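Peer 1: Encoded as structure tokens, here's the structure I'll be asking about.
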Amino acid sequence: MAKQMIDTPNLDELENGPWPSFVTGLKRLAKDNDMMVDLMGQLETSYQTRFGYWKGGTVGVVGYGGGVIPRFTELKDENHKPLFPEAAEFHTLRIMPPAGMHYSSDLLRQMSDAWLETGGSGLIAFHGQSGDIMLQGIKTADVQRAFDKFNEMGFDLGGAGPALRTSMSCVGAARCEMSCFDEARALRIVINNNLDDMHRPSLPYKFKFKFSGCPNDCMNSIQRSDMATIGTWRDNIRADEKLSREWYAAHSMEDAINMVVNHCPSKAIQLRKNDGAAVAEGVTKVVLSDESCLEIDNHNCVRCMHCLNVMPGALLPGKDKGVTILVGGKSVLKIGATMGTVVIPFMKLESDEDFERLNDLSRSMLDFFAENALEHERTGEMIERIGLVNFLEGIELEVDPNMVNQPRANPYIRMDGWDEEAAKWFERKQAAA
Amino acid sequence: MAKQMIDTPNLDELENGPWPSFVTGLKRLAKDNDMMVDLMGQLETSYQTRFGYWKGGTVGVVGYGGGVIPRFTELKDENHKPLFPEAAEFHTLRIMPPAGMHYSSDLLRQMSDAWLETGGSGLIAFHGQSGDIMLQGIKTADVQRAFDKFNEMGFDLGGAGPALRTSMSCVGAARCEMSCFDEARALRIVINNNLDDMHRPSLPYKFKFKFSGCPNDCMNSIQRSDMATIGTWRDNIRADEKLSREWYAAHSMEDAINMVVNHCPSKAIQLRKNDGAAVAEGVTKVVLSDESCLEIDNHNCVRCMHCLNVMPGALLPGKDKGVTILVGGKSVLKIGATMGTVVIPFMKLESDEDFERLNDLSRSMLDFFAENALEHERTGEMIERIGLVNFLEGIELEVDPNMVNQPRANPYIRMDGWDEEAAKWFERKQAAA
Amino acid sequence: MAERTHQTIESGAPDPMPYMHPVMKDNYGKWVFHSHPKPGVLYHRAENGAEIWTVKAGTQRQMDHYTIRKLADIADQFADGYVRFTTRSNIEYMVADQTKVEPLIKALSEGGFPVGGTANSVSMIAHTQGWLHCDIPGTDASGAVKALMDELYDEFTKCEMPNRVKLSTSCCEINCGGQADIAIVIQHTMPPKINHDLVANVCERPTVVARCPVAAIRPALVNGKPSLEVDEKKCICCGACFPPCPPMQINDPVHSKFAIWVGGKNSNARSKPTFHKLVAAGIPNNPPRWPEVSEIVKKILGVYKADGRPWERMNDWIDRIGWPAFFEKTGLPFTKYHIDNWRGSRTTLNASTHIRF
Amino acid sequence: MAERTHQTIESGAPDPMPYMHPVMKDNYGKWVFHSHPKPGVLYHRAENGAEIWTVKAGTQRQMDHYTIRKLADIADQFADGYVRFTTRSNIEYMVADQTKVEPLIKALSEGGFPVGGTANSVSMIAHTQGWLHCDIPGTDASGAVKALMDELYDEFTKCEMPNRVKLSTSCCEINCGGQADIAIVIQHTMPPKINHDLVANVCERPTVVARCPVAAIRPALVNGKPSLEVDEKKCICCGACFPPCPPMQINDPVHSKFAIWVGGKNSNARSKPTFHKLVAAGIPNNPPRWPEVSEIVKKILGVYKADGRPWERMNDWIDRIGWPAFFEKTGLPFTKYHIDNWRGSRTTLNASTHIRF
Ligand code: SRM
Ligand code: SRM
Ligand code: SRM
Ligand code: SRM
Ligand code: SF4
Ligand code: SF4
Ligand code: SF4
Ligand code: SF4
Ligand code: SF4
Ligand code: SF4
Ligand code: SF4
Ligand code: SF4
């Protein structure tokens, strides 16, 4: 508790400027925490040498195989003694936050207390990019204690390693009119029914679920998760005449054309005279003024959200809500970054049975992944290797033209099963009719 | 000359219907040509068995290695005797037509005569998909004679095999206001300076040049040629007020918006009041009426041709004309069909020196292809294998952002030469300034 | 062969000027306007006011010399003695005098040559050799085209489509016919049947092995003779091994079927050029009139005609309505085969929530 | 470790309801309107007329407990005792009473927390661990972000961009920071330097070999010890071998540089989601304030701000003006490295004559 502060000329530079400084925070902690004194020493060294000095290892809590990111220093003297011994161990605990990242002020204080009491550095990141509360800086000896404390408070470790990972859902239903399903419920059902895969990592590689209430995808789920659940709707966009007139009054015809009509990706919106004529099936009439209105052709609308974003409240998602499921998003290793692609164009997500179906689906995804992916192969890579169709067959989903931007443009395919496949389509059509 | 006509119940069916019937033509020929009697016999057999019965071989003319497509029948009896002996040899001569496929009626008759006189079947296709006049049906013994006759008339064999191929240029300057260069001249310079590669096939695989006067690309050159030369322009679209007013008078505001403005791929056209205000640099004003005009932002126009097509004459290509060169188009083998991609965004093609440059360029293309392609590998496949940049360096062209839809989206590249490459760009910018 | 009396002149591609209509020659590069007075007729005007009318007619491409002479005679009698052929084997007569247009049309029509194929009509089908001449065909191109053009006759002679319609037919998957609004291509569905007795004599084995896009062919000894073997699980039935090795018979009277592809486009107008995409397959190869092919082509054209907006090519129309609607409106089945699994196919998947309901 | 007194409860992701502002809880799923009263402030209205104001402020993400307590205290004093964090480590205070908005803004500002990050502002940079915690970083993320946010402070607190701007920073090419309008990622430019003495002990060699995306690594005996060898001509310096094998040092104080990527977008609004694209590289890794990075980012943002139209995200703007204009307007050089040569790169080439002059 009395270790001398180390000179950190480089880090000090990061105390300047208006943005909140993490260095100032580190210094505050270092005042009564030797681990942080040495942490700053190592970090300052990195700033000088432009090298990192951490290596991994194996540290965990009883019964779990993941959730802790162990860090041991590699910055040692000629006798292999750590140059900054108090920070020689500087592990991170990944703690799953309440879905949607809601906190009471009390909870924040309780967490701070718990972290300090159990040997933690006092440094917490809200949040890591996967959505974990990252309790950063603890020695091996204290890890179990810290976890136990948080677990008692109702919190659990998140994922690390070849495992189901911590998930994220947008604020959604809690505060957003675009929300098309109960994001928090979906997250908790999917994650909490598969905790075994999170806590005892034995998948081929990591697997992430993310949940966004609408296609604005505030969770970046399409890119950053192996299975993205994104809200959407099947029926007509709803229009609120009062709000649309207000919007127009505050804007202009130019704005209506340039900001709304012209940006619609499928040209589904047209400007019309507001002449009282009845609109066709599938068309939403958006009154701008006594003279003009917009007509949205909902059958050609691709649910991009743009017009709803520009005219909030005046336009709202339809009432027949549900979700689109996309699979295979991930970062750059080893084939380049991928986006998730559609595997279920639409499913309802309202009743208990609907949520049960989502639960089953996520389990099938994990099972198929566990059985078919190569080591260190993400779902997106696996699909690239085996083909989307084999994946769909594996998890028992039907093909649908919404899954593609376009049908194949090459003849490199053996099609001797054409008649059977065509028959399946007609059967499904008939069944649906 | 007296061979009995063979029953052709299947082919006969193709004499019905309003479209001109090739079968009727074959029958006419068969009346006084035994080769055609037997040809119909073999063809009818194919219609019955759904099999083809030709195989290739080696037939040519003195000094040439290509230009004749040899065909020997495989339809034989148990003693290996041809079932249809008079058509046992049925070769095709590929003859290059006048650029743009112009003919006088006399020429057509002379060709018919020459073909008959020298043993030909009397069957001629105007034209093959590569643009050859296909003289179809001649025996080995008569091939040289037929070629000599056509060669005396000023015609030459086209390409076949791993060789430079017969080329095509659109009607262009001869009758089309969209034409941005002298297509026929370009074709003849490029082809006629490289005839050695056509007549003595020794390239890794075929190489095709095609020439279209504008981006409408009536020759499908982007897809069907290894090097496409397509006309374009750099300055402003020209507008003819008289014709644009006439167009508008015959149409409507809806047409102007729905047919012209809304189809512009880069949203470069806007509707404006015709208030006499001066237009900005780079803008073409298209007067529709005393009230309205269109404004084309030429710096954002991608020269797609659409607005010019819809309002012919009212809009014309600019005066600073030239061509875009694209490389690598081809059919489906072995990587799937490819489109040519831009390697020269713009070059002038007016002066003798300009044409000389085109000539040099085509020679470099052929040389690089000859030296670097694998056997049976097209230019597009070669570029896919070695990368566009290596190809550009090989033929000494500079990189340009117009060559890509987008820069790379993956970090899988070694960039230690960044500074030198960046310096090159700035030098070129400075040199151009 | 008799003694040659001629010394070859490698003259190359001929100069078109001697064969070009004088008005076109005089105004070469100086045209400023065109219009479409009626189906099958074009009008072009030059800078200096010179005018030329073009009358366009369909031909059977593979022509007997009688037909050619008939076309030449019409040129002499009703036009100015000049013609040109288009890239789609249509013939164009140019006349400097407007009054010649109607008599010319009459002569052509009476001669059996349909006048049309201009502007927003269905033009003649670009096609290939087939059983008539090629060594690897799965069907006959001229026949299939004749049968189909009989059915599309009205669409050729009228201009009632949203935009130009370009069709192609190819007699094997190599697709010499090219990318098109609607392309009709034979599609093999079974791996090649190998005549092992012939392979050693006929095929250069390393060449054949190298041709296979999926490396499904390997050298093998069969009955003691050097031959080739195909891994049938890998084989995608492309037929690329057949040209260098005819004993690897890919054509099959029953199992080689037609496939239909739509939305190919080479022009840069509006959208960038794009390849045609598979929409229908498993269509029997049914000479002499291939009715199943015509039926599907006509169905697609009918829907496009009714639903497309002016100037939308086939691909533009589908871009607007979406592929699900295309399958819905045409009644064609969507199957797993439509989902691309060739190299780079990731970019063809819908990596978005852009979905139409 | 002392004896455990607690039995683990695998409780998973906690229920948010106990921590949610009561107005949000009561109106869960029933919101119908939002607006942006001013930068940093959101207004939401529910079906039944219930209202809530959100005030949003930036944080340093990696927070000491003093900072956290300060934020909690502000919640108690000026808001209703509830907060949430956004996916970009901004903190949001929800208040049911409009009159609390201004005092809250004041308290946050005085406490050193910039209020902003809503709507068409530049939000906080999504970032990663860096030298502070990761085992493979080429730079420090928190530091680079602090330095850059100092420069972008005004853009965070004002809403003057054409649309939302989302930035990310990543301390290695793995890019935990994600796709963004502007992404700042370290880029290695030299193949790994191998410490052959350590390989045998530290690395599972087959695993390492398998990780390389271009198969550039092979097992080798070096000085009699089992080690690994890199084919430097093949190696694309991606660094993927470093995590499973730290003796393959990829980080280099001089040769690991920053690269800047633009136009990434995850939302489906207007255009489909799309990846960010390389625009600048070779930028020195220059702690503690990385001025060269800031300069280029500010340049790009400046041009976008001036040239973008309302609601155009970075990618929409570039789609409209074209990449040549992007390089022209930003003054950034275009090099051969910008031309993709990774698998499937054919689709990134301009296969059209669509060119702007
Ligand atoms: C005669 C011909 C050129 C030649 O040298 O032979 C030709 C001639 C003209 N084309 Fe073409 N095109 C000709 C083949 C093509 C082709 C290639 C093909 O048919 O395989 C294309 C590309 C097709 C594709 O995209 O796959 C082609 C795409 C166009 C376009 C762009 C259409 C579009 O919107 O995508 C135009 C513009 C237009 O329609 O106004 C055009 C326009 C024209 C114009 C109007 C040009 C002019 O101002 O004279 C000519 C009118 C012809 C007519 O019949 O309406 N031409 N044109 C070819 C006639 C073929 C035929 O008999 O049908
Ligand atoms: C005759 C013709 C079809 C027709 O009826 O019009 C034709 C016929 C053949 N083509 Fe073709 N191709 C013909 C134009 C084309 C075109 C169109 C073009 O040139 O614009 C293409 C697509 C463009 C291209 O070059 O890729 C074309 C792409 C092919 C290919 C595939 C090349 C590829 O890289 O994918 C092959 C296969 C090969 O070369 O091994 C091929 C091969 C063949 C062969 C030589 C088959 C063979 O391997 O034995 C055919 C000879 C038929 C014969 O008996 O005459 N043909 N071929 C066309 C040439 C006539 C002429 O000279 O005018
Ligand atoms: C709070 C947050 C969700 C959460 O659960 O944490 C959120 C909340 C909202 N987003 Fe978001 N978005 C949030 C991250 C995102 C992200 C992901 C990210 O930041 O990495 C995206 C995708 C970005 C991308 O495309 O890469 C995102 C794309 C959008 C869009 C689509 C923007 C577009 O035009 O592309 C909208 C629509 C809009 O702007 O009206 C939107 C709209 C909104 C609205 C207006 C929704 C609403 O009606 O309440 C919220 C306003 C927030 C504001 O500050 O203006 N939100 N939003 C996230 C705030 C992050 C931050 O602090 O900056
Ligand atoms: C901590 C965190 C960055 C941060 O500061 O926020 C992080 C840190 C690491 N990531 Fe990550 N990733 C973090 C979110 C992400 C994300 C974003 C997300 O989840 O939305 C991604 C992109 C999405 C994805 O999953 O692809 C991401 C893609 C990766 C990858 C590349 C995976 C791929 O398939 O391309 C690796 C490499 C690997 O797993 O081998 C990786 C690996 C790592 C490792 C474990 C490095 C390693 O291999 O040793 C880093 C540990 C750092 C540490 O010491 O804590 N991290 N990583 C994020 C997790 C915090 C949390 O739990 O909340
Ligand atoms: S993803 Fe949609 S529902 Fe969720 S917060 Fe964003 S805008 Fe709202
Ligand atoms: S939500 Fe639908 S109608 Fe609105 S802009 Fe997007 S696609 Fe067009
Ligand atoms: S390519 Fe252009 S110049 Fe040539 S004929 Fe077609 S429209 Fe005219
Ligand atoms: S030619 Fe230019 S202005 Fe005209 S439609 Fe095409 S891109 Fe737009
Ligand atoms: S498409 Fe095939 S079968 Fe037909 S001509 Fe071309 S190569 Fe021969
Ligand atoms: S048909 Fe095609 S895929 Fe099959 S063996 Fe032959 S070349 Fe290979
Ligand atoms: S980006 Fe790389 S260095 Fe940074 S946290 Fe992620 S894995 Fe570690
Ligand atoms: S840096 Fe990347 S490319 Fe180079 S050897 Fe390592 S894994 Fe392979």
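Labels used: A, B, ... for chains in the order of the structure tokens, numbers from 1 for residues in each chain, and numbers from 1 for ligands as shown.
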Counting only C-alpha atoms and all ligand atoms, what are the residues, protein, DNA or RNA alike, that approach ligand 5 to within 10 Å? I want them as a ChimeraX atom specification.

Peer 2: /A:100,169-183,211-221,230-232,305,308-309 /D:29,86,267

Peer 1: Pick out the residues no farther than 10 Å from ligand 8, counting only C-alpha atoms and all ligand atoms, and list them as a count of residues only.

Peer 2: 43

Peer 1: Name the residues in contact with range 54-67 of chain C at a cut-off of 8 Å, using only C-alpha atoms, excluding same-chain residues fewer than 6 positions from it; report them as a compact mmCIF listing (two decimals) with N, CA, C and O atoms, in the first residue's frame.

Peer 2:
# COMPACT_ATOMS: atom_id res chain seq x y z
N TRP B 19 -41.37 -18.73 -88.36
CA TRP B 19 -39.96 -18.29 -88.42
C TRP B 19 -39.24 -18.98 -89.56
O TRP B 19 -39.53 -20.15 -89.84
N PRO B 20 -38.32 -18.31 -90.25
CA PRO B 20 -37.59 -18.94 -91.35
C PRO B 20 -36.98 -20.27 -90.90
O PRO B 20 -36.38 -20.34 -89.82
N SER B 21 -37.12 -21.29 -91.73
CA SER B 21 -36.71 -22.62 -91.30
C SER B 21 -35.38 -23.02 -91.94
O SER B 21 -35.24 -23.03 -93.17
N PHE B 22 -34.41 -23.34 -91.08
CA PHE B 22 -33.13 -23.81 -91.64
C PHE B 22 -33.31 -25.18 -92.29
O PHE B 22 -32.56 -25.56 -93.18
N GLY B 25 -34.17 -24.89 -95.76
CA GLY B 25 -32.93 -24.57 -96.46
C GLY B 25 -32.08 -25.80 -96.72
O GLY B 25 -31.58 -26.01 -97.82
N LEU B 26 -31.95 -26.63 -95.71
CA LEU B 26 -31.16 -27.84 -95.87
C LEU B 26 -31.76 -28.72 -96.98
O LEU B 26 -31.05 -29.27 -97.82
N ARG B 28 -33.58 -27.78 -99.49
CA ARG B 28 -33.34 -27.17 -100.79
C ARG B 28 -31.95 -27.55 -101.29
O ARG B 28 -31.75 -27.89 -102.44
N LEU B 29 -31.00 -27.48 -100.37
CA LEU B 29 -29.63 -27.81 -100.77
C LEU B 29 -29.51 -29.29 -101.12
O LEU B 29 -28.80 -29.67 -102.07
N SER B 112 -21.68 -16.76 -102.25
CA SER B 112 -22.47 -17.98 -102.50
C SER B 112 -21.86 -18.75 -103.67
O SER B 112 -21.68 -19.98 -103.59
N GLY B 122 -22.98 -25.17 -99.71
CA GLY B 122 -24.00 -24.16 -99.97
C GLY B 122 -24.60 -23.58 -98.70
O GLY B 122 -25.41 -22.66 -98.75
N LEU B 123 -24.19 -24.10 -97.55
CA LEU B 123 -24.71 -23.61 -96.27
C LEU B 123 -23.73 -22.59 -95.68
O LEU B 123 -22.55 -22.86 -95.54
N ILE B 124 -24.25 -21.43 -95.35
CA ILE B 124 -23.42 -20.38 -94.75
C ILE B 124 -24.16 -19.78 -93.56
O ILE B 124 -25.36 -19.47 -93.67
N ALA B 125 -23.45 -19.61 -92.47
CA ALA B 125 -24.06 -18.93 -91.32
C ALA B 125 -23.55 -17.50 -91.24
O ALA B 125 -22.34 -17.26 -91.20
N PHE B 126 -24.47 -16.56 -91.24
CA PHE B 126 -24.15 -15.15 -90.99
C PHE B 126 -24.69 -14.79 -89.61
O PHE B 126 -25.87 -14.50 -89.48
N HIS B 127 -23.94 -14.78 -88.59
CA HIS B 127 -22.55 -15.18 -88.43
C HIS B 127 -22.44 -16.09 -87.23
O HIS B 127 -23.37 -16.15 -86.44
N GLY C 40 -39.30 -2.92 -86.26
CA GLY C 40 -38.50 -3.37 -87.38
C GLY C 40 -37.89 -2.25 -88.19
O GLY C 40 -37.13 -2.50 -89.12
N VAL C 41 -38.20 -1.02 -87.85
CA VAL C 41 -37.66 0.11 -88.62
C VAL C 41 -36.91 1.09 -87.71
O VAL C 41 -37.40 1.44 -86.64
N LEU C 42 -35.73 1.49 -88.15
CA LEU C 42 -34.96 2.50 -87.45
C LEU C 42 -34.79 3.71 -88.36
O LEU C 42 -34.72 3.56 -89.58
N TYR C 43 -34.72 4.85 -87.73
CA TYR C 43 -34.46 6.07 -88.48
C TYR C 43 -33.24 6.73 -87.86
O TYR C 43 -33.16 6.89 -86.64
N SER C 89 -27.66 -12.15 -86.03
CA SER C 89 -28.06 -12.77 -87.29
C SER C 89 -29.33 -12.21 -87.88
O SER C 89 -29.99 -12.87 -88.68
N ASN C 90 -29.70 -11.02 -87.44
CA ASN C 90 -30.76 -10.34 -88.17
C ASN C 90 -30.12 -9.62 -89.34
O ASN C 90 -28.93 -9.28 -89.30
N ILE C 91 -30.90 -9.41 -90.38
CA ILE C 91 -30.37 -8.68 -91.53
C ILE C 91 -30.96 -7.28 -91.52
O ILE C 91 -32.12 -7.08 -91.14
N GLU C 92 -30.14 -6.30 -91.86
CA GLU C 92 -30.60 -4.91 -91.90
C GLU C 92 -30.43 -4.37 -93.31
O GLU C 92 -29.35 -4.47 -93.90
N TYR C 93 -31.51 -3.79 -93.82
CA TYR C 93 -31.47 -3.10 -95.12
C TYR C 93 -31.50 -1.61 -94.84
O TYR C 93 -32.38 -1.14 -94.11
N MET C 94 -30.57 -0.88 -95.42
CA MET C 94 -30.56 0.56 -95.23
C MET C 94 -31.07 1.24 -96.50
O MET C 94 -30.62 0.88 -97.60
N VAL C 95 -31.99 2.16 -96.36
CA VAL C 95 -32.45 2.90 -97.54
C VAL C 95 -32.41 4.40 -97.26
O VAL C 95 -32.72 4.84 -96.16
N VAL C 101 -39.35 2.24 -97.68
CA VAL C 101 -39.50 1.44 -96.47
C VAL C 101 -40.64 0.44 -96.57
O VAL C 101 -40.44 -0.76 -96.34
N LEU C 104 -40.23 -2.43 -99.08
CA LEU C 104 -39.19 -3.32 -98.57
C LEU C 104 -39.77 -4.25 -97.51
O LEU C 104 -39.55 -5.47 -97.53
N ILE C 105 -40.51 -3.66 -96.59
CA ILE C 105 -41.14 -4.48 -95.55
C ILE C 105 -42.02 -5.54 -96.19
O ILE C 105 -42.00 -6.71 -95.79
N LEU C 108 -39.92 -8.31 -97.78
CA LEU C 108 -39.33 -9.19 -96.78
C LEU C 108 -40.39 -10.11 -96.19
O LEU C 108 -40.19 -11.33 -96.07
N PHE C 113 -39.42 -13.45 -94.31
CA PHE C 113 -38.49 -12.92 -93.31
C PHE C 113 -39.24 -11.96 -92.40
O PHE C 113 -39.64 -10.88 -92.84
N PRO C 114 -39.44 -12.33 -91.16
CA PRO C 114 -40.21 -11.48 -90.26
C PRO C 114 -39.49 -10.15 -90.03
O PRO C 114 -38.30 -10.13 -89.72
N VAL C 115 -40.23 -9.07 -90.17
CA VAL C 115 -39.66 -7.75 -89.93
C VAL C 115 -39.89 -7.39 -88.47
O VAL C 115 -41.01 -7.48 -87.98
N GLY C 116 -38.84 -7.03 -87.77
CA GLY C 116 -38.96 -6.72 -86.35
C GLY C 116 -37.60 -6.76 -85.69
O GLY C 116 -36.58 -6.50 -86.31
N GLY C 117 -37.61 -7.09 -84.40
CA GLY C 117 -36.35 -7.28 -83.68
C GLY C 117 -35.68 -6.00 -83.23
O GLY C 117 -34.58 -6.03 -82.69
N THR C 118 -36.34 -4.86 -83.46
CA THR C 118 -35.74 -3.60 -83.01
C THR C 118 -36.29 -3.23 -81.62
O THR C 118 -37.27 -3.81 -81.15
N MET C 124 -33.85 -11.86 -82.19
CA MET C 124 -33.46 -13.22 -82.53
C MET C 124 -32.55 -13.79 -81.43
O MET C 124 -31.79 -13.06 -80.81
N SER C 142 -29.99 -24.80 -83.47
CA SER C 142 -30.82 -24.21 -84.54
C SER C 142 -32.26 -24.68 -84.40
O SER C 142 -33.20 -23.91 -84.61
N LYS C 146 -35.40 -22.33 -83.68
CA LYS C 146 -36.50 -22.25 -84.65
C LYS C 146 -37.84 -22.49 -83.94
O LYS C 146 -38.80 -21.74 -84.10

Peer 1: Of the residues B:Met403, B:Ala370, B:Val287, B:Val332, which is the one nearest to ligand 9, using only C-alpha atoms and all ligand atoms?

Peer 2: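 When distances to ligand 9 are compared using only C-alpha atoms and all ligand atoms, the smallest one comes from B:Val332.
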
Peer 1: I need the helix (DSSP H, G or I) residues of range 112-320 of chain C per DSSP on the backbone, written as a PyMOL selection string.

Peer 2: chain C and resi 130-132+141-157+196-202+205-211+291-307+314-320

Peer 1: Would you mind listing what lies within 9 Å of range 219-224 of chain C as a PyMOL selection string, with only C-alpha atoms counted and same-chain residues fewer than 6 positions away left out?

Peer 2: chain C and resi 196-197+205-206+209+230

Peer 1: For chain C versus chain A, which residues have an atom no more than 6 Å away, and what is each residue's nearest atom pair and distance in Å rounded to one decimal, using only C-alpha atoms, chain-then-number order, as CSV?

Peer 2:
residue,atom,partner,partner_atom,distance
C:Thr189,CA,A:Asp416,CA,4.9
C:Ile236,CA,A:Arg414,CA,4.8
C:Cys237,CA,A:Arg414,CA,5.9
C:His276,CA,A:Ala409,CA,5.8
C:Lys277,CA,A:Ala409,CA,4.4
C:Leu278,CA,A:Arg408,CA,5.7
C:Gly282,CA,A:Trp418,CA,5.8
C:Pro324,CA,A:Pro401,CA,5.2
C:Pro333,CA,A:Ala422,CA,5.4
C:Thr335,CA,A:Glu421,CA,5.7
C:His338,CA,A:Pro407,CA,4.8
C:Ile339,CA,A:Pro407,CA,5.6
C:Asp340,CA,A:Arg408,CA,4.4
C:Asn341,CA,A:Gly387,CA,5.8
C:Thr348,CA,A:Asn405,CA,5.2
C:Leu349,CA,A:Val404,CA,4.2
C:Asn350,CA,A:Val404,CA,4.5
C:Ala351,CA,A:Thr341,CA,4.2
C:His354,CA,A:Val302,CA,4.6
C:Ile355,CA,A:Val302,CA,4.7
C:Arg356,CA,A:Val302,CA,4.9
C:Phe357,CA,A:His299,CA,5.5

Peer 1: Residues of chain C within 6 Å of chain D, using only C-alpha atoms, as a list in words?

Peer 2: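 So the contacting residues turn out to be Lys272, Gly344 and Ser352 of chain C.
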
Peer 1: Please produce a file of the residues just selected, as an mmCIF file, in the first residue's frame, where the atoms kept are all heavy atoms.

Peer 2:
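Output (again-v7.cif):
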data_model
loop_
_atom_site.group_PDB
_atom_site.id
_atom_site.type_symbol
_atom_site.label_atom_id
_atom_site.label_comp_id
_atom_site.auth_asym_id
_atom_site.auth_seq_id
_atom_site.Cartn_x
_atom_site.Cartn_y
_atom_site.Cartn_z
ATOM 1 N N LYS C 272 -24.889 -2.120 -63.572
ATOM 2 C CA LYS C 272 -23.677 -2.667 -64.169
ATOM 3 C C LYS C 272 -24.004 -3.995 -64.857
ATOM 4 O O LYS C 272 -24.983 -4.654 -64.509
ATOM 5 C CB LYS C 272 -22.631 -2.896 -63.076
ATOM 6 C CG LYS C 272 -22.111 -1.591 -62.482
ATOM 7 C CD LYS C 272 -20.912 -1.829 -61.555
ATOM 8 C CE LYS C 272 -20.321 -0.479 -61.138
ATOM 9 N NZ LYS C 272 -19.067 -0.617 -60.405
ATOM 10 N N GLY C 344 -16.525 -18.349 -53.864
ATOM 11 C CA GLY C 344 -16.937 -16.959 -53.726
ATOM 12 C C GLY C 344 -18.437 -16.789 -53.565
ATOM 13 O O GLY C 344 -18.945 -15.679 -53.609
ATOM 14 N N SER C 352 -28.146 -9.618 -44.898
ATOM 15 C CA SER C 352 -28.880 -8.445 -44.449
ATOM 16 C C SER C 352 -30.260 -8.903 -44.022
ATOM 17 O O SER C 352 -30.646 -10.044 -44.267
ATOM 18 C CB SER C 352 -29.038 -7.439 -45.596
ATOM 19 O OG SER C 352 -30.067 -7.857 -46.482
#

Peer 1: Using only C-alpha atoms, find the one residue out of B:Asp354, B:Glu254, B:Asp367, B:Glu377 that sits nearest to chain A.

Peer 2: B:Glu254

Peer 1: Neighbours of ligand 9 within 10 Å, counting only C-alpha atoms and all ligand atoms, as a compact mmCIF listing (two decimals) with C-alpha atoms, in the first residue's frame?

Peer 2:
# COMPACT_ATOMS: atom_id res chain seq x y z
CA GLY B 52 -24.23 -35.71 -81.52
CA GLY B 128 -21.02 -17.33 -85.78
CA GLN B 129 -21.09 -15.99 -82.25
CA HIS C 127 -27.28 -19.46 -80.69
CA THR C 128 -24.74 -22.06 -81.46
CA GLN C 129 -23.93 -25.16 -83.51
CA GLY C 130 -25.53 -28.12 -81.83
CA TRP C 131 -25.91 -31.47 -83.53
CA LEU C 132 -25.42 -29.83 -86.87
CA HIS C 133 -21.74 -29.25 -86.38
CA CYS C 134 -20.30 -29.26 -82.90
CA ASP C 135 -18.44 -32.22 -81.45
CA ILE C 136 -19.76 -31.91 -77.91
CA PRO C 137 -23.39 -30.79 -78.13
CA GLY C 138 -26.12 -32.01 -75.84
CA THR C 139 -28.85 -30.74 -78.12
CA ASP C 140 -29.51 -28.88 -81.33
CA ALA C 141 -29.36 -25.13 -81.16
CA THR C 169 -29.45 -20.81 -76.47
CA SER C 170 -26.42 -23.02 -75.99
CA CYS C 171 -26.02 -26.67 -76.76
CA CYS C 172 -23.64 -27.37 -73.89
CA GLU C 173 -22.65 -25.80 -70.60
CA ILE C 174 -19.71 -24.03 -72.25
CA ASN C 175 -22.37 -21.58 -73.34
CA CYS C 176 -21.01 -20.15 -76.59
CA GLY C 177 -24.37 -18.36 -76.79
CA GLY C 178 -23.49 -16.02 -73.96
CA VAL C 185 -28.60 -24.02 -71.84
CA ILE C 186 -28.31 -27.75 -71.70
CA GLY C 239 -18.74 -31.68 -69.15
CA ALA C 240 -15.40 -29.90 -69.39
CA PRO C 243 -13.93 -32.05 -75.35
